[in-house]
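Below is one structure, written out as structure tokens; the observations come after it.
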Amino acid sequence: MNLEQYRVFYQVCREGSITAAAKVLCVSQPAVSQALKQLEEGLGCELFVRIPRGVRPTQAGELLYTYVSKGLESILEGEERLRKLNNLEEGEVRIGASDMTLRFFLLPYLESFHEAYPRVKVTVTNGPTPETLAFLGQGRIDFGVVTAPFTCKNEVRIRPVRKIRDCFIAGEKFQKLQGKMLRYEDLTRLPVICLEKNTSTRRFLDDYLAGHHVTLQPEFELATSDMIVQFAARNLGIGCVMRDFAEDKLRQGEVFRLCFQEEMPEREICIVTDTKNALSPAAKRLIDQMWDIE
């Protein structure tokens with residue numbers, strides 16, 4: 001006996017006809033009859049009797065159907081759920097992202113993805129890059145959208161998707177610095193506002209300035225770049241942020257960008273996945289939308 005024979009048996013019981021079951025199964029009538037014959041021989045009992053308009057199960061057939069129907073219907077339900085997952089009619093995507101990557105990269109893609117696949121649940125865990133990488137390693141998210149630089153295990157696949165640049169900004173209290181060509185060591189004599197140390201942005205800044213033999217002692221260490229922009233606009237110090245965060249205030253003239261003899265290099269927003277963990281169809285589709293190989 002095999003599963004296909006039980007599938008034939010199940011369908012004949014439901015249809016009450018070998019001919020009708022053959023149509024549903026898309027096989028020939030002799031193939032259905034042969035499968036039933038093999039099943040009856042294997043089980044050692046008769047499962048159907050002929051009636052004027054088809055067949056009906058014997059007492060043994062009715063007993064077998066009560067068990068076969070439970071198992072086969074569970075299989076069919078499982079197949080249907082998988083079909084829905086593959087067609088993105090249901091499912092879930094779990095993403096890790098920082099405020100920066102969510103706002104300036106991920107959000108438009110989430111909007112279009114939700115519009116195309118409204119029945120797929122999207123969960124975003126918000127946190128700095130080190131926390132996102134930890135969640136990825138623990139299997140708590142399907143993929144992360146993080147900012148370089150960062151260190152990770154060999155099993156992590158990294159796909160750069162957008163270049164970004166950081167800058168220093170200040171309010172009108174520091175107007176005398178506007179237009180001047182500064183050196184990074186000048187920052188040691190100014191009140192500086194930075195992100196907290198558990199972020200890739202702060203690590204990038206500290207490492208870059210260390211290369212210029214400069215170590216900052218920030219006046220303020222804040223949790224979000226938005227707050228840095230607000231603090232700088234209120235003249236509480238020189239803020240270091242990814243440039244996109246300051247665009248509105250720069251355009252409105254509430255802050256200005258400081259100029260240095262050497263501009264900080266660009267870095268990247270990256271999609272990170274764990275090669276040890278298989279991606280769901282929904283996660284694959286969303287990554288494909290964000291990652292243009294061309």
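Chain labels A, B, ... are given in the sequence in which chains occur in the structure tokens; within each chain residues are numbered consecutively from 1, and ligands are likewise numbered from 1 in the order shown.
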Exercise for the section: Please provide as a ChimeraX atom specification all residues within 10 Å of Glu262 of chain A, with the sequence filter that same-chain residues fewer than 3 positions apart are discarded (counting only C-alpha atoms). Expected result: /A:181-184,259,265
Could you save those same residues with C-alpha atoms as a PDB file, in the first residue's frame?
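Output saved as part_21.pdb:
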ATOM      1  CA  MET A 181      37.628  74.806   6.834  1.00  0.00           C
ATOM      2  CA  LEU A 182      38.022  72.905  10.095  1.00  0.00           C
ATOM      3  CA  ARG A 183      40.236  70.095  11.286  1.00  0.00           C
ATOM      4  CA  TYR A 184      38.793  67.197  13.239  1.00  0.00           C
ATOM      5  CA  CYS A 259      33.217  71.822   6.602  1.00  0.00           C
ATOM      6  CA  PRO A 265      33.941  58.636   3.617  1.00  0.00           C
TER       7      PRO A 265
END
Practice task
as a list in words, please: all residues of segment 190-219 of chain A that backbone DSSP puts in strand (DSSP E).
Solution key: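 Strand (DSSP E) members of segment 190-219 of chain A, listed: Val192, Ile193, Cys194 and Leu195 of chain A.
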Please produce an output containing all heavy atoms for each residue in the selection, written as a PDB file, in the first residue's frame.
ATOM      1  N   VAL A 192      30.117  68.374  21.708  1.00  0.00           N
ATOM      2  CA  VAL A 192      29.715  67.477  20.629  1.00  0.00           C
ATOM      3  C   VAL A 192      28.547  66.598  21.079  1.00  0.00           C
ATOM      4  O   VAL A 192      28.486  66.170  22.236  1.00  0.00           O
ATOM      5  CB  VAL A 192      30.902  66.607  20.173  1.00  0.00           C
ATOM      6  CG1 VAL A 192      30.461  65.613  19.096  1.00  0.00           C
ATOM      7  CG2 VAL A 192      32.026  67.489  19.635  1.00  0.00           C
ATOM      8  N   ILE A 193      27.633  66.332  20.140  1.00  0.00           N
ATOM      9  CA  ILE A 193      26.464  65.482  20.408  1.00  0.00           C
ATOM     10  C   ILE A 193      26.552  64.268  19.489  1.00  0.00           C
ATOM     11  O   ILE A 193      26.631  64.409  18.258  1.00  0.00           O
ATOM     12  CB  ILE A 193      25.155  66.236  20.124  1.00  0.00           C
ATOM     13  CG1 ILE A 193      25.159  67.604  20.806  1.00  0.00           C
ATOM     14  CG2 ILE A 193      23.954  65.412  20.588  1.00  0.00           C
ATOM     15  CD1 ILE A 193      24.043  68.520  20.323  1.00  0.00           C
ATOM     16  N   CYS A 194      26.541  63.062  20.069  1.00  0.00           N
ATOM     17  CA  CYS A 194      26.686  61.819  19.281  1.00  0.00           C
ATOM     18  C   CYS A 194      25.627  60.803  19.678  1.00  0.00           C
ATOM     19  O   CYS A 194      24.972  60.935  20.706  1.00  0.00           O
ATOM     20  CB  CYS A 194      28.066  61.192  19.517  1.00  0.00           C
ATOM     21  SG  CYS A 194      29.443  62.188  18.969  1.00  0.00           S
ATOM     22  N   LEU A 195      25.512  59.782  18.847  1.00  0.00           N
ATOM     23  CA  LEU A 195      24.709  58.614  19.227  1.00  0.00           C
ATOM     24  C   LEU A 195      25.416  57.825  20.325  1.00  0.00           C
ATOM     25  O   LEU A 195      26.622  57.988  20.556  1.00  0.00           O
ATOM     26  CB  LEU A 195      24.484  57.712  18.018  1.00  0.00           C
ATOM     27  CG  LEU A 195      23.440  58.149  16.995  1.00  0.00           C
ATOM     28  CD1 LEU A 195      23.453  57.206  15.801  1.00  0.00           C
ATOM     29  CD2 LEU A 195      22.045  58.192  17.612  1.00  0.00           C
TER      30      LEU A 195
END
Exercise for the section: Write out as a list in words the residues lying within 6 Å of segment 75-91 of chain A, counting only C-alpha atoms and excluding same-chain residues fewer than 3 positions away. Expected result: Leu72, Arg119, Val120 and Pro281 of chain A
How about saving the chosen residues, C-alpha atoms kept, as a short mmCIF file (atom, residue, chain, number, x, y, z; two decimals), in the first residue's frame?
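In the end it all went to out_6.cif:
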data_model
loop_
_atom_site.label_atom_id
_atom_site.label_comp_id
_atom_site.auth_asym_id
_atom_site.auth_seq_id
_atom_site.Cartn_x
_atom_site.Cartn_y
_atom_site.Cartn_z
CA LEU A 72 -5.43 12.80 4.11
CA ARG A 119 -2.43 39.20 4.01
CA VAL A 120 1.28 38.76 4.80
CA PRO A 281 8.71 32.91 0.38
#
Exercise for the section: Could you check which of A:Thr129, A:Asp99, A:Val55, A:Glu92 is closest to Met227 of chain A, using only C-alpha atoms? Expected result: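 Once distances to Met227 of chain A are computed over only C-alpha atoms, the minimum belongs to A:Asp99.
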Exercise for the section: Determine, counting only C-alpha atoms, which protein, DNA and RNA residues have an atom within 9 Å of an atom of segment 210-213 of chain A; residues of the same chain fewer than 4 positions away are not included. Present the result as a PyMOL selection string. Expected result: chain A and resi 184-185+205-206
With all heavy atoms retained, export the selected residues as a CSV table (one decimal), in the first residue's frame.
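File produced: out-v3.csv:
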chain,number,residue,atom,x,y,z
A,184,TYR,N,39.6,68.0,12.3
A,184,TYR,CA,38.8,67.2,13.2
A,184,TYR,C,39.2,67.4,14.7
A,184,TYR,O,38.4,67.3,15.6
A,184,TYR,CB,38.8,65.7,12.8
A,184,TYR,CG,38.0,65.4,11.6
A,184,TYR,CD1,38.6,65.1,10.4
A,184,TYR,CD2,36.6,65.5,11.7
A,184,TYR,CE1,37.8,64.9,9.3
A,184,TYR,CE2,35.8,65.3,10.6
A,184,TYR,CZ,36.4,64.9,9.4
A,184,TYR,OH,35.7,64.7,8.3
A,185,GLU,N,40.5,67.8,14.9
A,185,GLU,CA,40.9,68.0,16.2
A,185,GLU,C,40.3,69.3,16.8
A,185,GLU,O,40.2,69.4,18.1
A,185,GLU,CB,42.5,68.2,16.3
A,185,GLU,CG,43.0,69.4,15.5
A,185,GLU,CD,44.5,69.5,15.5
A,185,GLU,OE1,45.1,68.5,15.0
A,185,GLU,OE2,45.0,70.5,15.9
A,205,LEU,N,32.2,56.6,13.6
A,205,LEU,CA,32.8,57.9,13.9
A,205,LEU,C,34.0,57.8,14.8
A,205,LEU,O,35.0,58.5,14.5
A,205,LEU,CB,31.7,58.8,14.6
A,205,LEU,CG,32.2,60.1,15.2
A,205,LEU,CD1,32.6,61.0,14.0
A,205,LEU,CD2,31.1,60.8,16.0
A,206,ASP,N,33.9,57.0,15.8
A,206,ASP,CA,35.1,56.9,16.7
A,206,ASP,C,36.3,56.3,16.0
A,206,ASP,O,37.4,56.8,16.2
A,206,ASP,CB,34.7,56.0,17.9
A,206,ASP,CG,33.8,56.7,18.9
A,206,ASP,OD1,33.6,57.9,18.8
A,206,ASP,OD2,33.2,56.0,19.7
Practice task
Write out as a list in words each polymer residue whose atoms come within 9 Å of Val272 of chain A, counting only C-alpha atoms; drop sequence neighbours fewer than 5 positions from it.
Solution key: Leu133, Leu136, Phe143, Gly144, Val145, Val146, Val156, Arg157, Ile158, Arg159 and Pro160 of chain A
Problem - Asp288 of chain A surroundings by only C-alpha atoms, 12 Å radius, close-in-sequence under 2 positions cut, as a list in words - result: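 My list of contacting residues is Tyr109, Phe113, Arg159, Val161, Ile271, Leu279, Pro281, Ala282, Ala283, Lys284, Arg285, Leu286, Met290, Trp291, Asp292, Ile293 and Glu294 of chain A.
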Exercise for the section: Considering only C-alpha atoms, state which residue in the set A:Ser33, A:Leu107, A:Val8, A:Lys121 is at the smallest distance from Ser69 of chain A. Expected result: A:Val8
Handout entry: Counting only C-alpha atoms, the residue of A:Ala246, A:Val68, A:Cys26, A:Val32 that sits nearest Arg165 of chain A
Key =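 Looking only at the distances to Arg165 of chain A, the closest residue turns out to be A:Ala246.
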If you run DSSP over the backbone, which residues in segment 57-133 of chain A end up alpha helix (DSSP H)? Put them as a PDB file with C-alpha atoms, in the first residue's frame.
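Heads up, here's the output in out.pdb:
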ATOM      1  CA  GLN A  59     -18.389  -1.840   6.605  1.00  0.00           C
ATOM      2  CA  ALA A  60     -14.600  -2.288   6.383  1.00  0.00           C
ATOM      3  CA  GLY A  61     -14.418   0.554   3.872  1.00  0.00           C
ATOM      4  CA  GLU A  62     -16.384   2.883   6.148  1.00  0.00           C
ATOM      5  CA  LEU A  63     -14.099   2.032   9.066  1.00  0.00           C
ATOM      6  CA  LEU A  64     -10.982   2.684   6.973  1.00  0.00           C
ATOM      7  CA  TYR A  65     -12.409   5.963   5.636  1.00  0.00           C
ATOM      8  CA  THR A  66     -12.818   7.406   9.140  1.00  0.00           C
ATOM      9  CA  TYR A  67      -9.038   7.129   9.593  1.00  0.00           C
ATOM     10  CA  VAL A  68      -7.888   7.846   6.055  1.00  0.00           C
ATOM     11  CA  SER A  69     -10.018  10.998   5.806  1.00  0.00           C
ATOM     12  CA  LYS A  70      -8.447  12.502   8.933  1.00  0.00           C
ATOM     13  CA  GLY A  71      -4.916  11.898   7.757  1.00  0.00           C
ATOM     14  CA  LEU A  72      -5.426  12.797   4.115  1.00  0.00           C
ATOM     15  CA  GLU A  73      -7.453  15.907   4.845  1.00  0.00           C
ATOM     16  CA  SER A  74      -4.664  17.076   7.149  1.00  0.00           C
ATOM     17  CA  ILE A  75      -2.195  16.517   4.317  1.00  0.00           C
ATOM     18  CA  LEU A  76      -4.431  18.368   1.872  1.00  0.00           C
ATOM     19  CA  GLU A  77      -4.828  21.211   4.344  1.00  0.00           C
ATOM     20  CA  GLY A  78      -1.052  21.329   4.730  1.00  0.00           C
ATOM     21  CA  GLU A  79      -0.635  21.444   0.943  1.00  0.00           C
ATOM     22  CA  GLU A  80      -3.152  24.286   0.737  1.00  0.00           C
ATOM     23  CA  ARG A  81      -1.367  26.252   3.447  1.00  0.00           C
ATOM     24  CA  LEU A  82       1.921  25.789   1.619  1.00  0.00           C
ATOM     25  CA  ARG A  83       0.295  26.944  -1.613  1.00  0.00           C
ATOM     26  CA  LYS A  84      -0.909  30.087   0.129  1.00  0.00           C
ATOM     27  CA  LEU A  85       2.544  30.693   1.604  1.00  0.00           C
ATOM     28  CA  ASN A  86       4.201  30.268  -1.784  1.00  0.00           C
ATOM     29  CA  ASP A  99      15.538  54.015  12.929  1.00  0.00           C
ATOM     30  CA  MET A 100      17.896  55.115  10.159  1.00  0.00           C
ATOM     31  CA  THR A 101      17.486  52.138   7.847  1.00  0.00           C
ATOM     32  CA  LEU A 107       9.765  52.095   4.675  1.00  0.00           C
ATOM     33  CA  PRO A 108       8.871  52.689   0.975  1.00  0.00           C
ATOM     34  CA  TYR A 109       9.462  48.997   0.200  1.00  0.00           C
ATOM     35  CA  LEU A 110       7.264  47.932   3.122  1.00  0.00           C
ATOM     36  CA  GLU A 111       4.511  50.200   1.831  1.00  0.00           C
ATOM     37  CA  SER A 112       4.535  48.705  -1.683  1.00  0.00           C
ATOM     38  CA  PHE A 113       4.928  45.148  -0.345  1.00  0.00           C
ATOM     39  CA  HIS A 114       1.926  45.523   1.968  1.00  0.00           C
ATOM     40  CA  GLU A 115      -0.143  46.930  -0.871  1.00  0.00           C
ATOM     41  CA  ALA A 116       0.721  43.941  -3.079  1.00  0.00           C
ATOM     42  CA  THR A 129      22.891  47.242  14.225  1.00  0.00           C
ATOM     43  CA  PRO A 130      24.601  45.047  16.902  1.00  0.00           C
ATOM     44  CA  GLU A 131      21.208  44.072  18.326  1.00  0.00           C
ATOM     45  CA  THR A 132      19.839  43.292  14.856  1.00  0.00           C
ATOM     46  CA  LEU A 133      22.830  41.054  14.076  1.00  0.00           C
TER      47      LEU A 133
END
List as a PDB file with N, CA, C and O atoms, in the first residue's frame the protein and nucleic acid residues near Thr123 of chain A, meaning an atom at most 9 Å away when only C-alpha atoms are counted, but skip any in the same chain fewer than 2 places from it.
ATOM      1  N   GLU A  92       4.448  35.446   6.968  1.00  0.00           N
ATOM      2  CA  GLU A  92       5.003  36.481   7.850  1.00  0.00           C
ATOM      3  C   GLU A  92       6.435  36.784   7.445  1.00  0.00           C
ATOM      4  O   GLU A  92       7.177  35.902   7.019  1.00  0.00           O
ATOM      5  N   VAL A  93       6.800  38.053   7.562  1.00  0.00           N
ATOM      6  CA  VAL A  93       8.185  38.490   7.371  1.00  0.00           C
ATOM      7  C   VAL A  93       8.638  39.160   8.661  1.00  0.00           C
ATOM      8  O   VAL A  93       7.967  40.059   9.162  1.00  0.00           O
ATOM      9  N   ARG A  94       9.780  38.708   9.188  1.00  0.00           N
ATOM     10  CA  ARG A  94      10.321  39.292  10.421  1.00  0.00           C
ATOM     11  C   ARG A  94      11.612  40.032  10.070  1.00  0.00           C
ATOM     12  O   ARG A  94      12.553  39.434   9.568  1.00  0.00           O
ATOM     13  N   ILE A  95      11.638  41.318  10.355  1.00  0.00           N
ATOM     14  CA  ILE A  95      12.737  42.170   9.930  1.00  0.00           C
ATOM     15  C   ILE A  95      13.346  42.871  11.140  1.00  0.00           C
ATOM     16  O   ILE A  95      12.632  43.287  12.049  1.00  0.00           O
ATOM     17  N   GLY A  96      14.655  43.025  11.137  1.00  0.00           N
ATOM     18  CA  GLY A  96      15.342  43.852  12.122  1.00  0.00           C
ATOM     19  C   GLY A  96      15.883  45.084  11.429  1.00  0.00           C
ATOM     20  O   GLY A  96      16.487  44.976  10.355  1.00  0.00           O
ATOM     21  N   LYS A 121       1.817  39.093   7.129  1.00  0.00           N
ATOM     22  CA  LYS A 121       2.122  39.871   8.330  1.00  0.00           C
ATOM     23  C   LYS A 121       3.588  40.313   8.295  1.00  0.00           C
ATOM     24  O   LYS A 121       4.475  39.511   8.020  1.00  0.00           O
ATOM     25  N   THR A 125      11.408  44.573  14.098  1.00  0.00           N
ATOM     26  CA  THR A 125      12.048  44.756  15.400  1.00  0.00           C
ATOM     27  C   THR A 125      13.042  45.893  15.276  1.00  0.00           C
ATOM     28  O   THR A 125      14.017  45.810  14.525  1.00  0.00           O
ATOM     29  N   ILE A 141      14.755  36.903  13.569  1.00  0.00           N
ATOM     30  CA  ILE A 141      14.327  37.679  12.406  1.00  0.00           C
ATOM     31  C   ILE A 141      14.756  36.932  11.142  1.00  0.00           C
ATOM     32  O   ILE A 141      15.687  36.123  11.167  1.00  0.00           O
TER      33      ILE A 141
END
Exercise for the section: One decimal, Å: what's the distance from atom CA of Glu254 of chain A over to atom CA of Ala170 of chain A, could you say? Expected result: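 A separation of 8.6 Å between them.
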Fill in the blank from the handout: Gln178 of chain A proximity check over A:Leu190, A:Val255, A:Val214, A:Leu236, using only C-alpha atoms: winner is A:Val255
Handout entry: Atom pair atom CA of Val27 of chain A / atom CA of Val12 of chain A: separation (Å)
Key =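 Straight-line distance from atom CA of Val27 of chain A to atom CA of Val12 of chain A works out to 12.5 Å.
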Exercise for the section: Please indicate the distance in Å from atom CA of Ala22 of chain A to atom CA of Leu36 of chain A, rounded to one decimal place. Expected result: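 Atom-to-atom, atom CA of Ala22 of chain A and atom CA of Leu36 of chain A are spaced 11.8 Å apart.
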Problem - Residue nearest Gly237 of chain A among A:Pro191, A:Pro218, A:Pro149, A:Gly139 (counting only C-alpha atoms) - result: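 Checking each of A:Pro191, A:Pro218, A:Pro149, A:Gly139 against Gly237 of chain A, counting only C-alpha atoms, the winner is A:Pro191.
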Problem - Residue nearest Val49 of chain A among A:Thr199, A:Ser17, A:Gln5, A:Gln217 (counting only C-alpha atoms) - result: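 For Val49 of chain A, the nearest of the candidates is A:Ser17.
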